[in-house]
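Undergrad: Next comes query_18.cif, mmCIF, C-alpha atoms:
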```
data_work
loop_
_atom_site.label_atom_id
_atom_site.label_comp_id
_atom_site.auth_asym_id
_atom_site.auth_seq_id
_atom_site.Cartn_x
_atom_site.Cartn_y
_atom_site.Cartn_z
CA MET Z 28 -13.33 -198.93 -37.35
CA ARG Z 29 -11.14 -195.97 -36.50
CA ASN Z 30 -11.46 -194.74 -32.93
CA CYS Z 31 -12.05 -191.10 -32.11
CA LYS Z 32 -8.98 -189.43 -30.60
CA PHE Z 33 -11.07 -188.20 -27.67
CA GLU Z 34 -11.97 -191.73 -26.62
CA GLU Z 35 -8.78 -192.15 -24.64
CA LEU Z 36 -9.74 -189.16 -22.48
CA ILE Z 37 -13.04 -190.67 -21.36
CA ASP Z 38 -11.67 -192.66 -18.43
CA ASP Z 39 -9.60 -189.79 -17.11
CA TYR Z 40 -12.59 -187.46 -17.46
CA LEU Z 41 -14.82 -189.77 -15.45
CA LEU Z 42 -12.12 -190.34 -12.86
CA ASN Z 43 -11.49 -186.58 -12.57
CA ARG Z 44 -7.94 -186.86 -13.78
CA LEU Z 45 -8.13 -184.51 -16.76
CA THR Z 46 -6.69 -181.02 -16.90
CA GLU Z 47 -9.26 -178.23 -17.11
CA ASN Z 48 -8.30 -177.61 -20.72
CA ASN Z 49 -8.76 -181.23 -21.83
CA LYS Z 50 -11.90 -181.52 -19.76
CA GLU Z 51 -13.42 -178.57 -21.60
CA LYS Z 52 -12.33 -179.96 -24.97
CA LEU Z 53 -13.91 -183.33 -24.26
CA GLU Z 54 -17.12 -181.79 -22.92
CA LYS Z 55 -17.42 -179.69 -26.05
CA HIS Z 56 -16.64 -182.72 -28.20
CA TYR Z 57 -19.22 -185.12 -26.85
CA PHE Z 58 -22.00 -182.65 -27.65
CA ASP Z 59 -21.07 -183.29 -31.28
CA CYS Z 60 -19.94 -186.91 -31.15
CA PRO Z 61 -22.69 -189.43 -30.33
CA ASP Z 62 -20.17 -192.31 -30.36
CA CYS Z 63 -18.02 -190.75 -27.67
CA PHE Z 64 -21.06 -189.76 -25.67
CA ASN Z 65 -22.47 -193.29 -25.72
CA LYS Z 66 -19.12 -194.74 -24.71
CA MET Z 67 -18.89 -192.19 -21.93
CA VAL Z 68 -22.34 -193.12 -20.58
CA GLU Z 69 -21.52 -196.83 -20.69
CA ARG Z 70 -18.17 -196.30 -18.98
CA ASP Z 71 -19.74 -194.01 -16.39
CA GLU Z 72 -22.25 -196.71 -15.52
CA LEU Z 73 -19.49 -199.30 -15.20
CA ILE Z 74 -17.38 -197.06 -12.97
CA SER Z 75 -20.37 -196.10 -10.79
CA ILE Z 76 -21.29 -199.74 -10.26
CA ILE Z 77 -17.72 -200.76 -9.45
CA LYS Z 78 -17.34 -197.84 -7.04
CA SER Z 79 -20.61 -198.55 -5.25
CA LYS Z 80 -20.64 -202.36 -5.38
CA GLY Z 81 -16.92 -203.13 -5.63
CA ASP Z 82 -16.75 -204.55 -2.12
CA ILE Z 83 -19.36 -207.14 -3.11
CA ILE Z 84 -18.17 -207.76 -6.67
CA PHE Z 85 -14.55 -208.32 -5.68
CA LYS Z 86 -15.29 -209.70 -2.22
CA ASP Z 87 -14.23 -213.27 -2.90
CA GLU Z 88 -10.79 -212.54 -4.18
CA TYR Z 89 -9.13 -209.15 -3.94
CA VAL Z 90 -10.94 -207.59 -1.00
CA THR Z 91 -10.46 -210.62 1.27
CA GLU Z 92 -6.86 -210.92 0.14
CA GLU Z 93 -6.35 -207.34 1.16
CA ALA Z 94 -8.08 -207.83 4.49
CA LYS Z 95 -5.68 -210.68 5.21
CA GLY Z 96 -2.88 -208.29 4.49
CA GLU Z 97 0.18 -208.83 2.41
CA THR Z 98 2.85 -211.13 3.75
CA TRP Z 99 6.17 -209.49 4.60
CA LEU Z 100 7.69 -211.12 1.51
CA GLU Z 101 4.96 -209.69 -0.74
CA LYS Z 102 5.39 -206.30 0.84
CA ILE Z 103 9.12 -206.34 0.18
CA THR Z 104 8.85 -207.65 -3.36
CA SER Z 105 6.12 -205.21 -4.33
CA PHE Z 106 8.18 -202.33 -2.98
CA LEU Z 107 10.36 -202.31 -6.12
CA THR Z 108 10.00 -203.56 -9.68
CA PRO Z 109 12.16 -206.54 -10.76
CA LYS Z 110 14.39 -204.13 -12.69
CA GLN Z 111 14.84 -201.94 -9.62
CA TRP Z 112 15.57 -205.02 -7.51
CA ALA Z 113 18.26 -206.07 -10.02
CA MET Z 114 19.83 -202.59 -9.87
CA ALA Z 115 19.75 -202.58 -6.07
CA ALA Z 116 21.39 -206.04 -5.92
CA ALA Z 117 24.11 -204.97 -8.37
CA SER Z 118 24.79 -201.81 -6.33
CA ALA Z 119 24.97 -203.83 -3.10
CA CYS Z 120 27.47 -206.26 -4.70
CA LEU Z 121 29.60 -203.35 -5.90
CA ILE Z 122 29.65 -201.76 -2.44
CA PHE Z 123 30.54 -205.14 -0.88
CA VAL Z 124 33.46 -205.58 -3.29
CA ILE Z 125 34.72 -202.04 -2.66
CA VAL Z 126 34.45 -202.27 1.12
CA PHE Z 127 35.87 -205.76 1.64
CA GLY Z 128 37.95 -206.28 -1.49
CA VAL Z 129 39.42 -203.03 -2.71
CA ILE Z 130 39.84 -200.82 0.36
CA PRO Z 131 41.85 -203.31 2.51
CA ASN Z 132 44.30 -203.82 -0.36
CA LEU Z 133 44.96 -200.17 -0.95
CA LYS Z 134 48.46 -199.01 0.02
CA THR Z 135 47.72 -196.58 2.72
CA THR Z 136 50.33 -194.50 4.48
CA SER Z 137 50.31 -194.18 8.22
CA PRO Z 138 48.80 -190.98 9.47
CA ARG Z 139 51.40 -188.33 10.16
CA PHE Z 140 50.94 -185.68 12.74
CA PHE Z 141 52.61 -182.31 12.74
CA ILE Z 142 52.79 -179.81 15.48
CA ASN Z 143 52.04 -176.46 14.08
CA GLU Z 144 51.56 -173.16 15.75
CA ASP Z 145 47.89 -173.71 16.34
CA MET Z 146 48.48 -176.90 18.33
CA VAL Z 147 49.49 -176.57 21.93
CA ARG Z 148 50.79 -179.11 24.43
CA GLY Z 149 50.26 -177.35 27.72
CA GLY Z 150 47.79 -174.90 29.10
CA SER Z 151 47.01 -171.86 27.09
CA ILE Z 152 48.66 -168.53 27.80
CA THR Z 153 46.37 -165.91 29.25
CA LEU Z 154 47.12 -162.39 28.15
CA ILE Z 155 46.67 -159.81 30.96
CA SER Z 156 47.22 -156.40 29.37
CA PRO Z 157 46.64 -154.57 27.20
CA VAL Z 158 43.23 -155.88 26.14
CA PHE Z 159 40.24 -154.17 24.53
CA GLU Z 160 40.88 -150.44 24.98
CA THR Z 161 43.68 -148.60 26.72
CA HIS Z 162 43.82 -144.88 27.55
CA VAL Z 163 47.58 -144.82 28.13
CA PHE Z 164 50.27 -145.79 25.72
CA PRO Z 165 50.88 -149.54 26.26
CA SER Z 166 54.57 -149.60 27.10
CA GLN Z 167 54.37 -152.96 28.89
CA PHE Z 168 52.71 -156.20 27.71
CA GLU Z 169 51.92 -158.75 30.38
CA TRP Z 170 50.66 -162.37 30.41
CA ARG Z 171 50.27 -165.21 32.89
CA LYS Z 172 53.41 -167.20 33.52
CA LEU Z 173 53.39 -170.87 32.50
CA GLY Z 174 56.46 -172.10 34.42
CA GLU Z 175 60.21 -171.77 34.85
CA ASN Z 176 62.75 -171.64 32.02
CA ILE Z 177 60.11 -171.01 29.45
CA GLU Z 178 60.88 -168.66 26.64
CA TYR Z 179 58.10 -166.42 25.42
CA LYS Z 180 57.92 -164.89 22.00
CA ILE Z 181 55.70 -161.86 21.73
CA TYR Z 182 54.19 -160.58 18.50
CA ILE Z 183 52.38 -157.31 17.87
CA TYR Z 184 50.25 -157.28 14.76
CA ASP Z 185 48.84 -154.47 12.69
CA ASN Z 186 46.10 -155.76 10.38
CA GLY Z 187 47.55 -159.25 10.47
CA ASP Z 188 51.12 -158.13 9.67
CA VAL Z 189 53.78 -158.49 12.35
CA LEU Z 190 54.67 -154.99 13.46
CA TRP Z 191 57.15 -156.03 16.12
CA GLN Z 192 58.35 -159.18 17.83
CA ASP Z 193 60.74 -160.03 20.63
CA THR Z 194 61.66 -162.83 23.03
CA THR Z 195 61.80 -162.94 26.85
CA LYS Z 196 61.84 -165.38 29.75
CA GLU Z 197 59.69 -163.05 31.91
CA ASN Z 198 55.94 -162.90 31.84
CA PHE Z 199 55.99 -159.30 30.59
CA ILE Z 200 57.88 -157.25 28.08
CA VAL Z 201 58.49 -153.53 27.84
CA LEU Z 202 58.08 -152.00 24.46
CA PRO Z 203 61.39 -150.41 23.51
CA GLU Z 204 61.44 -146.65 23.16
CA LYS Z 205 62.41 -146.87 19.53
CA ILE Z 206 59.29 -148.92 18.74
CA LYS Z 207 56.67 -146.26 19.11
CA LYS Z 208 54.79 -147.09 15.99
CA LEU Z 209 51.50 -147.65 17.76
CA LEU Z 210 49.06 -144.87 16.99
CA SER Z 211 46.20 -143.56 19.05
CA GLY Z 212 42.79 -144.53 17.66
CA GLU Z 213 44.16 -147.59 15.84
CA LYS Z 214 43.46 -151.21 16.59
CA TYR Z 215 46.27 -153.70 17.06
CA SER Z 216 46.51 -157.27 18.28
CA TRP Z 217 49.12 -159.23 20.14
CA GLN Z 218 49.97 -162.83 20.85
CA VAL Z 219 52.46 -164.80 22.93
CA LYS Z 220 53.98 -168.18 22.10
CA ALA Z 221 55.74 -170.29 24.73
CA PHE Z 222 58.74 -172.50 23.98
CA SER Z 223 60.35 -175.19 26.14
CA PRO Z 224 64.11 -174.94 26.96
CA GLU Z 225 64.61 -177.37 24.04
CA GLY Z 226 62.94 -174.88 21.76
CA THR Z 227 59.69 -176.83 21.30
CA LEU Z 228 56.52 -174.84 20.96
CA ILE Z 229 54.39 -175.72 23.96
CA SER Z 230 51.66 -173.14 24.00
CA VAL Z 231 50.16 -170.33 21.96
CA SER Z 232 47.90 -167.63 23.31
CA SER Z 233 44.92 -166.38 21.39
CA LYS Z 234 45.36 -163.19 19.42
CA VAL Z 235 43.95 -160.39 21.53
CA GLN Z 236 42.94 -157.08 20.04
CA PHE Z 237 43.42 -153.75 21.74
CA LYS Z 238 42.77 -150.14 20.84
CA ILE Z 239 44.76 -147.13 21.98
CA ASN Z 240 42.55 -144.20 22.89
CA LEU Z 241 44.68 -141.44 24.41
CA HIS Z 242 42.10 -138.64 24.16
CA GLU Z 243 39.70 -139.80 26.88
CA MET R 25 -28.97 -165.88 -45.48
CA ALA R 26 -28.98 -169.16 -47.35
CA THR R 27 -27.01 -170.75 -44.47
CA MET R 28 -29.57 -169.50 -41.97
CA GLU R 29 -32.47 -170.98 -43.95
CA ARG R 30 -30.68 -174.27 -44.27
CA THR R 31 -29.92 -174.26 -40.56
CA LYS R 32 -33.51 -173.62 -39.61
CA GLU R 33 -34.64 -176.40 -41.90
CA ALA R 34 -32.11 -178.77 -40.49
CA ILE R 35 -32.98 -178.14 -36.86
CA ASN R 36 -35.89 -180.10 -35.69
CA ILE R 37 -37.11 -179.12 -32.25
CA GLU R 38 -38.11 -182.65 -31.40
CA GLU R 39 -34.68 -183.85 -32.40
CA ILE R 40 -33.11 -181.31 -30.08
CA CYS R 41 -35.13 -182.64 -27.18
CA THR R 42 -34.57 -186.33 -27.87
CA LYS R 43 -30.97 -186.16 -29.03
CA TYR R 44 -29.54 -183.54 -26.72
CA ARG R 45 -31.51 -184.04 -23.51
CA PRO R 46 -29.39 -187.06 -22.44
CA ILE R 47 -26.17 -185.21 -23.31
CA ILE R 48 -27.22 -182.06 -21.46
CA SER R 49 -28.40 -184.17 -18.51
CA PHE R 50 -25.11 -186.01 -18.39
CA ARG R 51 -23.11 -182.77 -18.44
CA VAL R 52 -25.32 -181.14 -15.79
CA LYS R 53 -25.20 -184.18 -13.51
CA LYS R 54 -21.44 -184.40 -13.85
CA SER R 55 -21.05 -180.73 -12.98
CA LEU R 56 -23.64 -180.35 -10.25
CA GLY R 57 -23.66 -183.90 -8.95
CA ALA R 58 -26.50 -186.35 -9.53
CA SER R 59 -27.64 -185.86 -5.93
CA THR R 60 -28.40 -182.19 -6.56
CA PRO R 61 -32.20 -182.15 -6.55
CA GLU R 62 -32.49 -179.32 -9.06
CA TRP R 63 -30.44 -180.91 -11.80
CA GLU R 64 -33.53 -181.83 -13.83
CA ASP R 65 -34.86 -178.27 -13.51
CA VAL R 66 -31.53 -176.95 -14.77
CA VAL R 67 -31.69 -179.33 -17.76
CA ASN R 68 -35.23 -178.18 -18.59
CA GLU R 69 -34.17 -174.56 -18.35
CA ILE R 70 -31.28 -175.20 -20.71
CA ILE R 71 -33.51 -176.91 -23.29
CA THR R 72 -36.07 -174.09 -23.07
CA ASN R 73 -33.28 -171.56 -23.48
CA VAL R 74 -31.89 -173.43 -26.50
CA LEU R 75 -35.30 -173.57 -28.16
CA GLU R 76 -35.92 -169.87 -27.53
CA LYS R 77 -32.59 -168.91 -29.02
CA LEU R 78 -33.22 -171.10 -32.04
CA LYS R 79 -36.63 -169.48 -32.58
CA LYS R 80 -35.05 -166.05 -32.37
CA GLY R 81 -32.54 -167.12 -34.99
CA GLU R 82 -29.57 -166.71 -32.70
CA PHE R 83 -28.02 -169.89 -34.09
CA ARG R 84 -26.41 -168.77 -37.31
CA GLY R 85 -24.71 -172.01 -38.25
CA GLU R 86 -21.23 -170.60 -37.64
CA SER R 87 -20.51 -173.52 -35.34
CA SER R 88 -22.20 -176.89 -35.00
CA ILE R 89 -25.51 -177.15 -33.19
CA GLY R 90 -23.71 -179.32 -30.63
CA THR R 91 -21.23 -176.54 -29.84
CA PHE R 92 -24.12 -174.03 -29.66
CA ILE R 93 -25.96 -176.17 -27.10
CA TYR R 94 -22.72 -176.92 -25.24
CA THR R 95 -22.09 -173.18 -24.80
CA ILE R 96 -25.59 -172.52 -23.46
CA THR R 97 -25.29 -175.53 -21.13
CA SER R 98 -21.92 -174.45 -19.77
CA ARG R 99 -23.12 -170.88 -19.14
CA ARG R 100 -26.20 -172.08 -17.28
CA ILE R 101 -24.11 -174.44 -15.15
CA ILE R 102 -21.73 -171.61 -14.23
CA ASP R 103 -24.69 -169.34 -13.39
CA TYR R 104 -26.25 -172.03 -11.26
CA ILE R 105 -23.04 -172.70 -9.33
CA ARG R 106 -22.44 -168.97 -8.78
CA HIS R 107 -25.99 -168.40 -7.62
CA LYS R 108 -25.93 -171.46 -5.42
CA SER R 109 -22.66 -170.53 -3.73
CA LYS R 110 -23.94 -166.99 -3.16
CA VAL R 111 -27.43 -167.74 -1.89
CA LEU R 112 -27.19 -171.17 -0.34
CA LYS R 113 -23.68 -171.08 0.99
CA HIS R 114 -24.57 -172.50 4.36
CA ALA R 115 -27.95 -174.02 3.66
CA PRO R 116 -28.24 -177.80 3.94
CA GLU R 117 -28.97 -179.76 0.77
CA PRO R 118 -32.50 -181.10 0.65
CA ALA R 119 -32.66 -184.87 0.32
CA HIS R 120 -33.13 -186.21 -3.18
CA TYR R 121 -36.00 -188.63 -3.62
CA PRO R 122 -35.64 -190.60 -6.84
CA ASP R 123 -38.59 -191.80 -8.82
CA PRO R 124 -39.49 -195.26 -7.37
CA GLN R 125 -39.83 -196.86 -10.81
CA GLU R 126 -36.50 -195.42 -11.89
CA TYR R 127 -34.96 -196.53 -8.61
CA ILE R 128 -36.06 -200.15 -9.10
CA GLU R 129 -34.86 -200.18 -12.70
CA ASN R 130 -31.49 -198.79 -11.70
CA LYS R 131 -31.16 -201.30 -8.91
CA GLU R 132 -31.92 -204.20 -11.21
CA ARG R 133 -29.48 -202.93 -13.79
CA THR R 134 -26.79 -202.53 -11.15
CA GLU R 135 -27.33 -206.11 -9.94
CA LEU R 136 -27.14 -207.36 -13.50
CA MET R 137 -23.92 -205.50 -14.17
CA ALA R 138 -22.37 -206.57 -10.88
CA ASN R 139 -23.10 -210.23 -11.64
CA ALA R 140 -21.74 -209.83 -15.15
CA ILE R 141 -18.49 -208.37 -13.79
CA LYS R 142 -18.19 -211.35 -11.44
CA LYS R 143 -18.39 -213.65 -14.47
CA LEU R 144 -15.46 -212.00 -16.25
CA LYS R 145 -12.12 -213.78 -16.45
CA PRO R 146 -9.74 -212.89 -13.59
CA LYS R 147 -7.38 -210.99 -15.90
CA TYR R 148 -10.19 -208.56 -16.80
CA ARG R 149 -11.62 -208.41 -13.29
CA GLU R 150 -8.28 -207.54 -11.73
CA VAL R 151 -7.82 -204.62 -14.13
CA LEU R 152 -11.30 -203.28 -13.29
CA TYR R 153 -10.60 -203.77 -9.61
CA LEU R 154 -7.28 -201.93 -9.61
CA TYR R 155 -8.20 -199.21 -12.08
CA TYR R 156 -11.71 -198.29 -10.99
CA TYR R 157 -12.17 -199.67 -7.49
CA LYS R 158 -8.69 -199.03 -6.09
CA ASP R 159 -8.29 -195.87 -8.15
CA PHE R 160 -4.77 -196.62 -9.36
CA SER R 161 -3.52 -194.77 -12.41
CA ARG R 162 -3.17 -196.64 -15.70
CA GLU R 163 0.61 -196.71 -15.21
CA GLU R 164 0.34 -198.05 -11.68
CA VAL R 165 -2.01 -200.83 -12.77
CA ALA R 166 0.36 -201.66 -15.63
CA LYS R 167 3.28 -201.87 -13.19
CA LYS R 168 1.38 -204.05 -10.75
CA LEU R 169 0.30 -206.48 -13.45
CA SER R 170 3.58 -206.27 -15.42
CA ILE R 171 1.80 -205.24 -18.60
CA SER R 172 1.93 -202.04 -20.68
CA PRO R 173 -0.42 -199.09 -19.93
CA ARG R 174 -1.87 -199.59 -23.41
CA ARG R 175 -2.72 -203.18 -22.52
CA VAL R 176 -4.55 -201.90 -19.42
CA SER R 177 -6.80 -199.73 -21.62
CA GLU R 178 -7.33 -202.61 -24.02
CA ARG R 179 -8.39 -204.92 -21.21
CA VAL R 180 -10.81 -202.32 -19.83
CA ASN R 181 -12.33 -201.76 -23.27
CA TYR R 182 -12.62 -205.47 -23.90
CA SER R 183 -14.24 -205.96 -20.48
CA GLN R 184 -16.83 -203.39 -21.44
CA LYS R 185 -17.60 -205.25 -24.67
CA LEU R 186 -17.91 -208.54 -22.82
CA LEU R 187 -20.24 -206.97 -20.26
CA LYS R 188 -22.50 -205.69 -23.05
CA LYS R 189 -22.73 -209.24 -24.38
CA LEU R 190 -23.41 -210.71 -20.96
CA ILE R 191 -26.27 -208.34 -20.12
#
```
In C-alpha cells, how does this file's structure come out?
TA:
Amino acid sequence: MRNCKFEELIDDYLLNRLTENNKEKLEKHYFDCPDCFNKMVERDELISIIKSKGDIIFKDEYVTEEAKGETWLEKITSFLTPKQWAMAAASACLIFVIVFGVIPNLKTTSPRFFINEDMVRGGSITLISPVFETHVFPSQFEWRKLGENIEYKIYIYDNGDVLWQDTTKENFIVLPEKIKKLLSGEKYSWQVKAFSPEGTLISVSSKVQFKINLHE
Amino acid sequence: MATMERTKEAINIEEICTKYRPIISFRVKKSLGASTPEWEDVVNEIITNVLEKLKKGEFRGESSIGTFIYTITSRRIIDYIRHKSKVLKHAPEPAHYPDPQEYIENKERTELMANAIKKLKPKYREVLYLYYYKDFSREEVAKKLSISPRRVSERVNYSQKLLKKLI
C-alpha cells in the first residue's frame, strides 16, 4: 500500500515542529484524507499517553538510569560521535607530531636585534622650546641636556620632510639667519637625537609640533 | 448547474455530522487546547454553520467538501481566538469538568496503552522514549541510537502497529 506523502508530517505536526505553511497544508489535507486523519488521531493518543504517563511507563529503565546520572565516561563519549572522536584524535596526533617532532628540528636562526632610530638606550630627551604655539619667531631651539660630550642632532620638519638639520654639543641651537623658511601660521615639528662620543645613537626625543603665530 | 445538483445529491447531512465532527473536533482541540471548556460549543457552531451554508447552496463543488468545511472551521477558530483575546484577556479560565463516563473510559484506555508500551521490545520502547517523552528530534534520536532518521520513523510506525495488536 502506498503511503500518503503527508503522513511523514504527522509527527512534526503533533509535536509542534512544522512550519506554518506545512501546518496549514496538513490541516487542509486531513479534512479530505480519512487515512491520514485516523493515523493522526492514533499517533496523537500515543504521544499524549507517553507525555502524561512516560515517567511510569519508562520508570524501570530510562528514567531511573537518568536519575542515577551518566558516568563521567558516558558523558565524555556521548559528547561526540565516533566519527568526531576519530577526527579529534587524528588532529591531536598531528598537533603532537608538529609540536614535538617538526618544530624542534627546524633550522632556526638566532634572533637578531638592531638598534634603529626608534630605540633608545638612555633617558629620553625632553624638548623645552618651542612647543605648541609661539608668538615670536623661534630663533632658538632648546632641550634638556643628557650629559657631557654628547652630540645632538636637531631636525626641523615640515609635513614630515626635513626642512633643516644641524649638529651641536650644546643643549640649544640658534637657527641661522639664512634659514628663515618658517612661516607664520604654519605648523612645524622638531626632534633631537643624541649620539655618544663614539657616534652611537643613545636617545631620540619625541617629535614635537609647534605653530608660529606672529599676529597675536 | 448540473454540478450543483450533483453536489447537493452527494452531500448527506448525516454524513457531514458523523464523518466530519471528529475531524472538526480534532482541529478545534488542537487549536484551542482540549482544556478550553468551549471547544465543544465551537465545534457545534461550525457544524451548524456548515449545514446552513450547504442549505443556502454556498458550496458549489469548486473544491472538495473537506476543503469547504476546513475553511469554515479555520475561520471560526480565528474568530474565536480574536474574540477571546479581546474580551477575556485577563479573565481566568474556568475549570473544565469532563464527562465522568468519558473520563473513566479515557483512563482505562490510557492504562491499557501504557501497559502495552511497557510490553514492547526495548528497541521500540527506547525510540518512543527519546522521540516523544524526551522530545528529541528524529535526527537526534538517530544519532543517539546510531541508526538512520528513516529507521527512527520506521520503528515508531511499527511500534504503533504492535500497540494496535496488543490492545
Undergrad: Would you pick out the contacts of Lys180 of chain Z at 9 Å or less, using all atoms listed in the file, so that residues sharing its chain but fewer than 2 positions from it are not included, and give the list as a list of chain:residue names?
TA: Z:Glu178, Z:Tyr182, Z:Gln192, Z:Asp193, Z:Thr194, Z:Thr195, Z:Lys196, Z:Gln218, Z:Val219, Z:Lys220, Z:Ala221, Z:Phe222
Undergrad: Could the residues in this selection be written to a file with C-alpha atoms, as a PDB file, in the coordinates of the input?
TA:
```pdb
ATOM      1  CA  GLU Z 178      60.880-168.660  26.640  1.00  0.00           C
ATOM      2  CA  TYR Z 182      54.190-160.580  18.500  1.00  0.00           C
ATOM      3  CA  GLN Z 192      58.350-159.180  17.830  1.00  0.00           C
ATOM      4  CA  ASP Z 193      60.740-160.030  20.630  1.00  0.00           C
ATOM      5  CA  THR Z 194      61.660-162.830  23.030  1.00  0.00           C
ATOM      6  CA  THR Z 195      61.800-162.940  26.850  1.00  0.00           C
ATOM      7  CA  LYS Z 196      61.840-165.380  29.750  1.00  0.00           C
ATOM      8  CA  GLN Z 218      49.970-162.830  20.850  1.00  0.00           C
ATOM      9  CA  VAL Z 219      52.460-164.800  22.930  1.00  0.00           C
ATOM     10  CA  LYS Z 220      53.980-168.180  22.100  1.00  0.00           C
ATOM     11  CA  ALA Z 221      55.740-170.290  24.730  1.00  0.00           C
ATOM     12  CA  PHE Z 222      58.740-172.500  23.980  1.00  0.00           C
TER      13      PHE Z 222
END
```
Undergrad: With all atoms listed in the file counted and 9 Å as the cut-off, give the residues of chain Z in contact with chain R, each with its shortest interatomic distance in Å and the pair that gives it, as a Markdown table.
TA:
```
| residue | atom | partner | partner_atom | distance |
| --- | --- | --- | --- | --- |
| Z:Glu35 | CA | R:Ser177 | CA | 8.4 |
| Z:Leu41 | CA | R:Lys54 | CA | 8.7 |
| Z:Leu42 | CA | R:Tyr156 | CA | 8.2 |
| Z:Glu54 | CA | R:Arg51 | CA | 7.5 |
| Z:Lys55 | CA | R:Tyr94 | CA | 6.0 |
| Z:His56 | CA | R:Thr91 | CA | 7.9 |
| Z:Tyr57 | CA | R:Ile47 | CA | 7.8 |
| Z:Phe58 | CA | R:Gly90 | CA | 4.8 |
| Z:Asp59 | CA | R:Gly90 | CA | 4.8 |
| Z:Cys60 | CA | R:Gly90 | CA | 8.5 |
| Z:Pro61 | CA | R:Ile47 | CA | 8.9 |
| Z:Phe64 | CA | R:Ile47 | CA | 7.2 |
| Z:Val68 | CA | R:Phe50 | CA | 7.9 |
| Z:Glu69 | CA | R:Gln184 | CA | 8.1 |
| Z:Arg70 | CA | R:Gln184 | CA | 7.6 |
| Z:Glu72 | CA | R:Thr134 | CA | 8.6 |
| Z:Leu73 | CA | R:Met137 | CA | 7.7 |
| Z:Ile74 | CA | R:Tyr156 | CA | 6.1 |
| Z:Ser75 | CA | R:Tyr156 | CA | 8.9 |
| Z:Ile76 | CA | R:Thr134 | CA | 6.2 |
| Z:Ile77 | CA | R:Tyr157 | CA | 6.0 |
| Z:Lys78 | CA | R:Tyr157 | CA | 5.5 |
| Z:Ser79 | CA | R:Tyr157 | CA | 8.8 |
| Z:Lys80 | CA | R:Ala138 | CA | 7.1 |
| Z:Gly81 | CA | R:Tyr157 | CA | 6.2 |
| Z:Asp82 | CA | R:Tyr157 | CA | 8.6 |
| Z:Ile83 | CA | R:Ala138 | CA | 8.4 |
| Z:Ile84 | CA | R:Lys142 | CA | 6.0 |
| Z:Phe85 | CA | R:Tyr153 | CA | 7.2 |
| Z:Tyr89 | CA | R:Tyr153 | CA | 8.0 |
| Z:Ser105 | CA | R:Lys168 | CA | 8.1 |
| Z:Thr108 | CA | R:Lys167 | CA | 7.8 |
```
Undergrad: Quote the spacing between atom CA of Lys214 of chain Z and atom CA of Tyr179 of chain Z in Å to one decimal place.
TA: 22.9 Å
Undergrad: Rank nothing, just name the residue among R:Gln125, R:Asn36, R:Thr97, R:Ser172 nearest to Ser49 of chain R, using only C-alpha atoms.
TA: R:Thr97
Undergrad: Looking at Z:Ala115, Z:Leu173, Z:Leu36, Z:Leu209, which one is nearest to Leu154 of chain Z, with distances taken over only C-alpha atoms?
TA: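 Checking each of Z:Ala115, Z:Leu173, Z:Leu36, Z:Leu209 against Leu154 of chain Z, counting only C-alpha atoms, the winner is Z:Leu173.
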Undergrad: May I ask for the distance between atom CA of Asn68 of chain R and atom CA of Ser109 of chain R, given in Å to one decimal place?
TA: 20.9 Å
Undergrad: Looking at R:Ala166, R:Leu144, R:Leu75, R:Leu56, which one is nearest to Ile101 of chain R, with distances taken over only C-alpha atoms?
TA: R:Leu56
Undergrad: Quick one: distance from atom CA of Ile102 of chain R to atom CA of Ser55 of chain R in Å, one decimal?
TA: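 If I compute the distance from atom CA of Ile102 of chain R to atom CA of Ser55 of chain R, I get 9.2 Å.
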